[in-house]
Amino acid sequence: MLLDPETYAAAPGVERLLGPPGLKTELFSCLVETNTPVCETAAEAHGELGRLRGVVCEAAAQEGLVVAATGSHPFSKPEEQEIVSEPRYLALLEERPAARSQLVCGLHVHVGMTSFARCLETLEFVLPWLPAVLAVSVNSPYLAGENSGRLSARAGRLLELPRAGAPPVLAQGGWTEAVEEAGGDYTRIWWDVRPHPRLGTLEVRMPDQPTSVRRSAALAALVQALCASATPGPPADRGAFATARADAAAGRVPVADLLALVEPAARELDTWELVESVREPAEALRQLEVGERAGLTAVAADLVARTAE
């Protein structure tokens with residue numbers, strides 16, 4: 001998120017930052033999306049995430065702005081933010097006015113798949129574990145100036161979009177039907193996890209955006225190890241997923257079983273030390289501590305300081 005350096009409110013300006021590879025627009029002018037290139041290892045992804053963080057901070061500074069990596073802004077209201085004037089965003093708002101409230105940021109992890117069948121198989125395996133992935137990423141306790149009562153307000157806000165939450169069972173024609181319902185454009189599907197055929201990946205969209213680059217890399221490594229652990233099985237229980245998802249947003253999902261599951265794959269990938277670091281306290285707790293002690297402007301200032309570390 002791009003912020004004013006004096007007030008720490010969300011500030012427009014992404015259009016002035018574009019140029020360096022890996023920087024893209026999102027719906028709001030106060031957001032900048034960063035995309036790593038394809039990485040062979042979690043260590044490489046860690047390096048790219050750090051490099052891109054530096055690129056964004058430097059580009060923002062040249063435009064008189066600062067940067068806060070977080071799942072939601074502590075006090076700026078979505079309805080007051082400028083929209084990027086691109087046809088796809090304007091069309092989205094016309095079709096779905098609820099998108100106007102989506103001033104939230106997530107970490108999307110793409111894991112390469114050997115086939116579409118393997119992609120769907122892996123999706124069913126990882127789906128029940130995604131609430132635990134959310135639980136170690138929660139970083140959006142405040143939304144539009146209010147304590148949401150959850151550690152991830154973003155998780156609830158995303159459910160206001162169509163085609164959100166858990167995907168339906170996609171085998172036996174389900175994917176084709178879902179894409180048709182999205183007008184033929186699967187990037188207008190906002191499930192927590194989805195196939196991305198153009199890239200040949202399974203895209204896990206569950207985590208909140210971390211402030212720490214290292215935690216971003218740890219979550220990427222965690223998702224990689226989870227996908228590497230996948231075995232064939234029956235479709236996941238969507239009702240149980242929805243309940244666990246809500247519990248995770250409130251900080252009520254344990255993560256020990258997830259880490260036990262992925263440890264063998266993470267050790268084989270030589271990422272266990274990085275993956276295990278997600279045991280550290282959730283970043284949402286830091287936001288709440290600062291907010292209770294010093295107020296929401298201080299939360300935003302702290303996010304800016306930690307983003308630049």
# chains A, B, ... in the order shown; residues from 1 in each chain; ligands from 1

$ residues_around --residues "range 132-135 of chain A" --least-positions-apart "2" --cutoff "7 Å" --atoms "only C-alpha atoms" --output "number ranges by chain"
A: 129-130, 137-138, 206-208, 248-249, 251, 253-255, 258

$ write_last_selection --atoms "N, CA, C and O atoms" --output "PDB file, in the first residue's frame"
ATOM      1  N   TRP A 129      -6.231 -27.710   4.447  1.00  0.00           N
ATOM      2  CA  TRP A 129      -5.117 -27.162   5.215  1.00  0.00           C
ATOM      3  C   TRP A 129      -4.977 -25.645   5.052  1.00  0.00           C
ATOM      4  O   TRP A 129      -4.203 -25.010   5.784  1.00  0.00           O
ATOM      5  N   LEU A 130      -5.708 -25.065   4.130  1.00  0.00           N
ATOM      6  CA  LEU A 130      -5.538 -23.639   3.874  1.00  0.00           C
ATOM      7  C   LEU A 130      -5.970 -22.744   5.040  1.00  0.00           C
ATOM      8  O   LEU A 130      -5.390 -21.671   5.231  1.00  0.00           O
ATOM      9  N   SER A 137      -0.616 -16.403   8.679  1.00  0.00           N
ATOM     10  CA  SER A 137      -0.369 -15.212   7.868  1.00  0.00           C
ATOM     11  C   SER A 137      -1.176 -14.002   8.328  1.00  0.00           C
ATOM     12  O   SER A 137      -0.961 -12.893   7.809  1.00  0.00           O
ATOM     13  N   VAL A 138      -2.103 -14.160   9.264  1.00  0.00           N
ATOM     14  CA  VAL A 138      -3.061 -13.097   9.595  1.00  0.00           C
ATOM     15  C   VAL A 138      -2.343 -11.772   9.858  1.00  0.00           C
ATOM     16  O   VAL A 138      -1.432 -11.688  10.669  1.00  0.00           O
ATOM     17  N   MET A 206      -4.733 -17.702  -0.299  1.00  0.00           N
ATOM     18  CA  MET A 206      -5.274 -17.627   1.051  1.00  0.00           C
ATOM     19  C   MET A 206      -4.567 -16.635   1.978  1.00  0.00           C
ATOM     20  O   MET A 206      -5.218 -15.941   2.751  1.00  0.00           O
ATOM     21  N   PRO A 207      -3.225 -16.517   1.958  1.00  0.00           N
ATOM     22  CA  PRO A 207      -2.566 -15.731   3.005  1.00  0.00           C
ATOM     23  C   PRO A 207      -2.824 -14.230   2.892  1.00  0.00           C
ATOM     24  O   PRO A 207      -2.924 -13.674   1.804  1.00  0.00           O
ATOM     25  N   ASP A 208      -2.901 -13.567   4.059  1.00  0.00           N
ATOM     26  CA  ASP A 208      -2.789 -12.120   4.113  1.00  0.00           C
ATOM     27  C   ASP A 208      -1.395 -11.717   3.659  1.00  0.00           C
ATOM     28  O   ASP A 208      -0.434 -12.502   3.767  1.00  0.00           O
ATOM     29  N   ALA A 248      -9.984 -19.564  11.546  1.00  0.00           N
ATOM     30  CA  ALA A 248      -8.608 -19.111  11.317  1.00  0.00           C
ATOM     31  C   ALA A 248      -8.524 -17.593  11.303  1.00  0.00           C
ATOM     32  O   ALA A 248      -7.589 -16.997  11.848  1.00  0.00           O
ATOM     33  N   ALA A 249      -9.510 -16.940  10.678  1.00  0.00           N
ATOM     34  CA  ALA A 249      -9.522 -15.478  10.629  1.00  0.00           C
ATOM     35  C   ALA A 249      -9.616 -14.884  12.020  1.00  0.00           C
ATOM     36  O   ALA A 249      -9.133 -13.779  12.273  1.00  0.00           O
ATOM     37  N   GLY A 251      -8.256 -16.371  14.623  1.00  0.00           N
ATOM     38  CA  GLY A 251      -7.096 -16.841  15.377  1.00  0.00           C
ATOM     39  C   GLY A 251      -7.333 -18.108  16.160  1.00  0.00           C
ATOM     40  O   GLY A 251      -6.641 -18.368  17.150  1.00  0.00           O
ATOM     41  N   VAL A 253      -7.347 -21.432  14.853  1.00  0.00           N
ATOM     42  CA  VAL A 253      -6.963 -22.674  14.177  1.00  0.00           C
ATOM     43  C   VAL A 253      -5.522 -23.021  14.534  1.00  0.00           C
ATOM     44  O   VAL A 253      -4.609 -22.218  14.312  1.00  0.00           O
ATOM     45  N   PRO A 254      -5.275 -24.199  15.115  1.00  0.00           N
ATOM     46  CA  PRO A 254      -3.895 -24.602  15.429  1.00  0.00           C
ATOM     47  C   PRO A 254      -3.129 -24.940  14.154  1.00  0.00           C
ATOM     48  O   PRO A 254      -3.728 -25.325  13.139  1.00  0.00           O
ATOM     49  N   VAL A 255      -1.821 -24.793  14.208  1.00  0.00           N
ATOM     50  CA  VAL A 255      -0.999 -25.013  13.010  1.00  0.00           C
ATOM     51  C   VAL A 255      -0.021 -26.167  13.167  1.00  0.00           C
ATOM     52  O   VAL A 255       0.686 -26.505  12.215  1.00  0.00           O
ATOM     53  N   LEU A 258      -0.406 -28.946  10.575  1.00  0.00           N
ATOM     54  CA  LEU A 258       0.066 -28.541   9.247  1.00  0.00           C
ATOM     55  C   LEU A 258       1.579 -28.641   9.163  1.00  0.00           C
ATOM     56  O   LEU A 258       2.121 -29.178   8.179  1.00  0.00           O
TER      57      LEU A 258
END

$ closest_atom_pairs --of "range 60-143 of chain A" --to "range 193-197 of chain A" --cutoff "9 Å" --atoms "only C-alpha atoms" --output "tab-separated table"
residue	atom	partner	partner_atom	distance
A:His110	CA	A:His196	CA	8.4
A:Phe116	CA	A:Pro197	CA	7.5
A:Cys119	CA	A:Pro195	CA	6.7
A:Leu120	CA	A:Pro195	CA	7.4
A:Leu123	CA	A:Val193	CA	7.2
A:Val126	CA	A:Val193	CA	9.0
A:Leu127	CA	A:Val193	CA	7.6
A:Leu130	CA	A:Val193	CA	8.7

$ closest_residue --among "A:Asp257, A:Glu283, A:Glu6, A:Glu289" --to "Val66 in chain A" --atoms "only C-alpha atoms"
A:Glu6

$ closest_residue --among "A:Leu161, A:Leu31, A:Val304, A:Ala294" --to "Leu93 in chain A" --atoms "only C-alpha atoms"
A:Leu161

$ closest_residue --among "A:Arg198, A:Gly22, A:Ala242, A:Pro131" --to "Gly54 in chain A" --atoms "only C-alpha atoms"
A:Gly22

$ closest_residue --among "A:Val278, A:Ala61, A:Ala221, A:Ala171" --to "Pro235 in chain A" --atoms "only C-alpha atoms"
A:Ala171

$ atom_distance --atom1 "CA of Glu180 in chain A" --atom2 "CA of Asp237 in chain A"
24.0 Å

$ closest_residue --among "A:Ala282, A:Met1, A:Glu82, A:Gly156" --to "Ala60 in chain A" --atoms "only C-alpha atoms"
A:Met1

$ select_by_dssp --residues "range 32-94 of chain A" --states "alpha helix (DSSP H)" --output "VMD selection string"
chain A and resid 42 to 62 87 to 94

$ closest_residue --among "A:Ala230, A:Cys30, A:Ala225, A:Met113" --to "Leu65 in chain A" --atoms "only C-alpha atoms"
A:Cys30

$ closest_atom_pairs --of "range 42-132 of chain A" --to "range 8-17 of chain A" --cutoff "10 Å" --atoms "only C-alpha atoms" --output "CSV"
residue,atom,partner,partner_atom,distance
A:Val55,CA,A:Leu17,CA,9.6
A:Val56,CA,A:Leu17,CA,7.7
A:Cys57,CA,A:Leu17,CA,9.9
A:Glu58,CA,A:Leu17,CA,9.5
A:Ala59,CA,A:Leu17,CA,5.8
A:Ala60,CA,A:Leu17,CA,6.6
A:Ala61,CA,A:Leu17,CA,9.8
A:Gln62,CA,A:Leu17,CA,8.8
A:Glu63,CA,A:Arg16,CA,7.4
A:Gly64,CA,A:Gly13,CA,9.5
A:Leu65,CA,A:Ala11,CA,7.7
A:Val66,CA,A:Tyr8,CA,8.2
A:Val67,CA,A:Tyr8,CA,9.3
A:Ala68,CA,A:Tyr8,CA,9.1
A:His73,CA,A:Ala10,CA,7.4
A:Pro74,CA,A:Ala9,CA,8.8
A:Phe75,CA,A:Ala9,CA,7.3
A:Ser76,CA,A:Ala9,CA,5.8
A:Lys77,CA,A:Ala10,CA,8.6
A:Pro78,CA,A:Ala10,CA,9.2
A:Glu80,CA,A:Ala10,CA,9.4
A:Gln81,CA,A:Pro12,CA,7.4
A:Glu82,CA,A:Pro12,CA,6.5
A:Ile83,CA,A:Pro12,CA,8.7
A:Val84,CA,A:Glu15,CA,7.9
A:Ser85,CA,A:Glu15,CA,9.5
A:Leu103,CA,A:Ala10,CA,9.9

$ residues_around --residues "Gly112 in chain A" --least-positions-apart "4" --cutoff "7 Å" --atoms "only C-alpha atoms" --output "PyMOL selection string"
chain A and resi 200-202

$ select_by_dssp --residues "range 127-221 of chain A" --states "strand (DSSP E)" --output "ChimeraX atom specification"
/A:142-143,146-147,164-165,190-191,193-196,201-204

$ residues_around --residues "Leu222 in chain A" --least-positions-apart "4" --cutoff "12 Å" --atoms "only C-alpha atoms" --output "ChimeraX atom specification"
/A:41-42,109-111,126,129-130,132-134,136-137,204,207,215-218,226-229,255,258-267,269-279

$ atom_distance --atom1 "CA of Ala153 in chain A" --atom2 "CA of Glu292 in chain A"
17.1 Å

$ residues_around --residues "Pro21 in chain A" --least-positions-apart "4" --cutoff "10 Å" --atoms "only C-alpha atoms" --output "MDAnalysis selection string"
chainID A and resid 34:37 52 55

$ atom_distance --atom1 "CA of Gln172 in chain A" --atom2 "CA of Leu159 in chain A"
25.5 Å

$ residues_around --residues "Ala250 in chain A" --least-positions-apart "5" --cutoff "7 Å" --atoms "only C-alpha atoms" --output "mmCIF file with N, CA, C and O atoms, in the first residue's frame"
data_model
loop_
_atom_site.group_PDB
_atom_site.id
_atom_site.type_symbol
_atom_site.label_atom_id
_atom_site.label_comp_id
_atom_site.auth_asym_id
_atom_site.auth_seq_id
_atom_site.Cartn_x
_atom_site.Cartn_y
_atom_site.Cartn_z
ATOM 1 N N ARG A 150 -11.326 -9.610 14.393
ATOM 2 C CA ARG A 150 -10.655 -10.771 13.812
ATOM 3 C C ARG A 150 -9.193 -10.412 13.553
ATOM 4 O O ARG A 150 -8.847 -9.234 13.445
ATOM 5 N N LEU A 151 -8.368 -11.402 13.415
ATOM 6 C CA LEU A 151 -6.972 -11.160 13.076
ATOM 7 C C LEU A 151 -6.794 -10.994 11.574
ATOM 8 O O LEU A 151 -5.801 -10.437 11.123
ATOM 9 N N SER A 152 -7.761 -11.490 10.808
ATOM 10 C CA SER A 152 -7.785 -11.274 9.357
ATOM 11 C C SER A 152 -9.159 -10.765 8.959
ATOM 12 O O SER A 152 -10.079 -11.549 8.691
#

$ decode --residues "range 101-149 of chain A" --atoms "C-alpha atoms" --output "tab-separated table (two decimals), in the first residue's frame"
chain	number	residue	atom	x	y	z
A	101	SER	CA	-14.70	-2.21	-0.66
A	102	GLN	CA	-11.81	-4.54	-1.51
A	103	LEU	CA	-8.95	-2.43	-0.13
A	104	VAL	CA	-7.11	-5.54	1.07
A	105	CYS	CA	-3.87	-7.23	0.08
A	106	GLY	CA	-2.97	-10.91	-0.13
A	107	LEU	CA	0.05	-13.05	-0.88
A	108	HIS	CA	-0.55	-15.35	-3.86
A	109	VAL	CA	1.74	-18.36	-4.23
A	110	HIS	CA	1.96	-20.16	-7.57
A	111	VAL	CA	3.28	-23.73	-7.56
A	112	GLY	CA	4.04	-25.40	-10.89
A	113	MET	CA	1.98	-28.47	-11.76
A	114	THR	CA	2.88	-31.32	-14.13
A	115	SER	CA	-0.68	-31.58	-15.52
A	116	PHE	CA	-4.16	-30.19	-15.06
A	117	ALA	CA	-5.26	-33.45	-13.48
A	118	ARG	CA	-2.43	-33.20	-10.96
A	119	CYS	CA	-3.43	-29.58	-10.32
A	120	LEU	CA	-7.02	-30.55	-9.42
A	121	GLU	CA	-5.80	-33.46	-7.31
A	122	THR	CA	-3.44	-31.16	-5.41
A	123	LEU	CA	-6.16	-28.55	-4.94
A	124	GLU	CA	-8.41	-31.08	-3.18
A	125	PHE	CA	-5.53	-32.18	-0.95
A	126	VAL	CA	-4.42	-28.71	0.13
A	127	LEU	CA	-7.89	-27.18	0.59
A	128	PRO	CA	-8.53	-28.48	4.14
A	129	TRP	CA	-5.12	-27.16	5.21
A	130	LEU	CA	-5.54	-23.64	3.87
A	131	PRO	CA	-7.24	-22.28	7.02
A	132	ALA	CA	-4.04	-23.13	8.90
A	133	VAL	CA	-2.06	-21.32	6.20
A	134	LEU	CA	-4.28	-18.30	6.78
A	135	ALA	CA	-3.76	-18.62	10.54
A	136	VAL	CA	0.02	-18.16	10.25
A	137	SER	CA	-0.37	-15.21	7.87
A	138	VAL	CA	-3.06	-13.10	9.59
A	139	ASN	CA	-2.11	-9.42	9.22
A	140	SER	CA	-5.33	-7.39	8.87
A	141	PRO	CA	-7.01	-6.83	12.24
A	142	TYR	CA	-8.14	-3.30	11.43
A	143	LEU	CA	-10.38	-2.21	8.58
A	144	ALA	CA	-11.49	1.35	7.76
A	145	GLY	CA	-10.63	2.62	11.22
A	146	GLU	CA	-12.26	-0.16	13.21
A	147	ASN	CA	-10.97	-3.16	15.10
A	148	SER	CA	-12.66	-5.94	13.13
A	149	GLY	CA	-12.58	-8.38	16.04
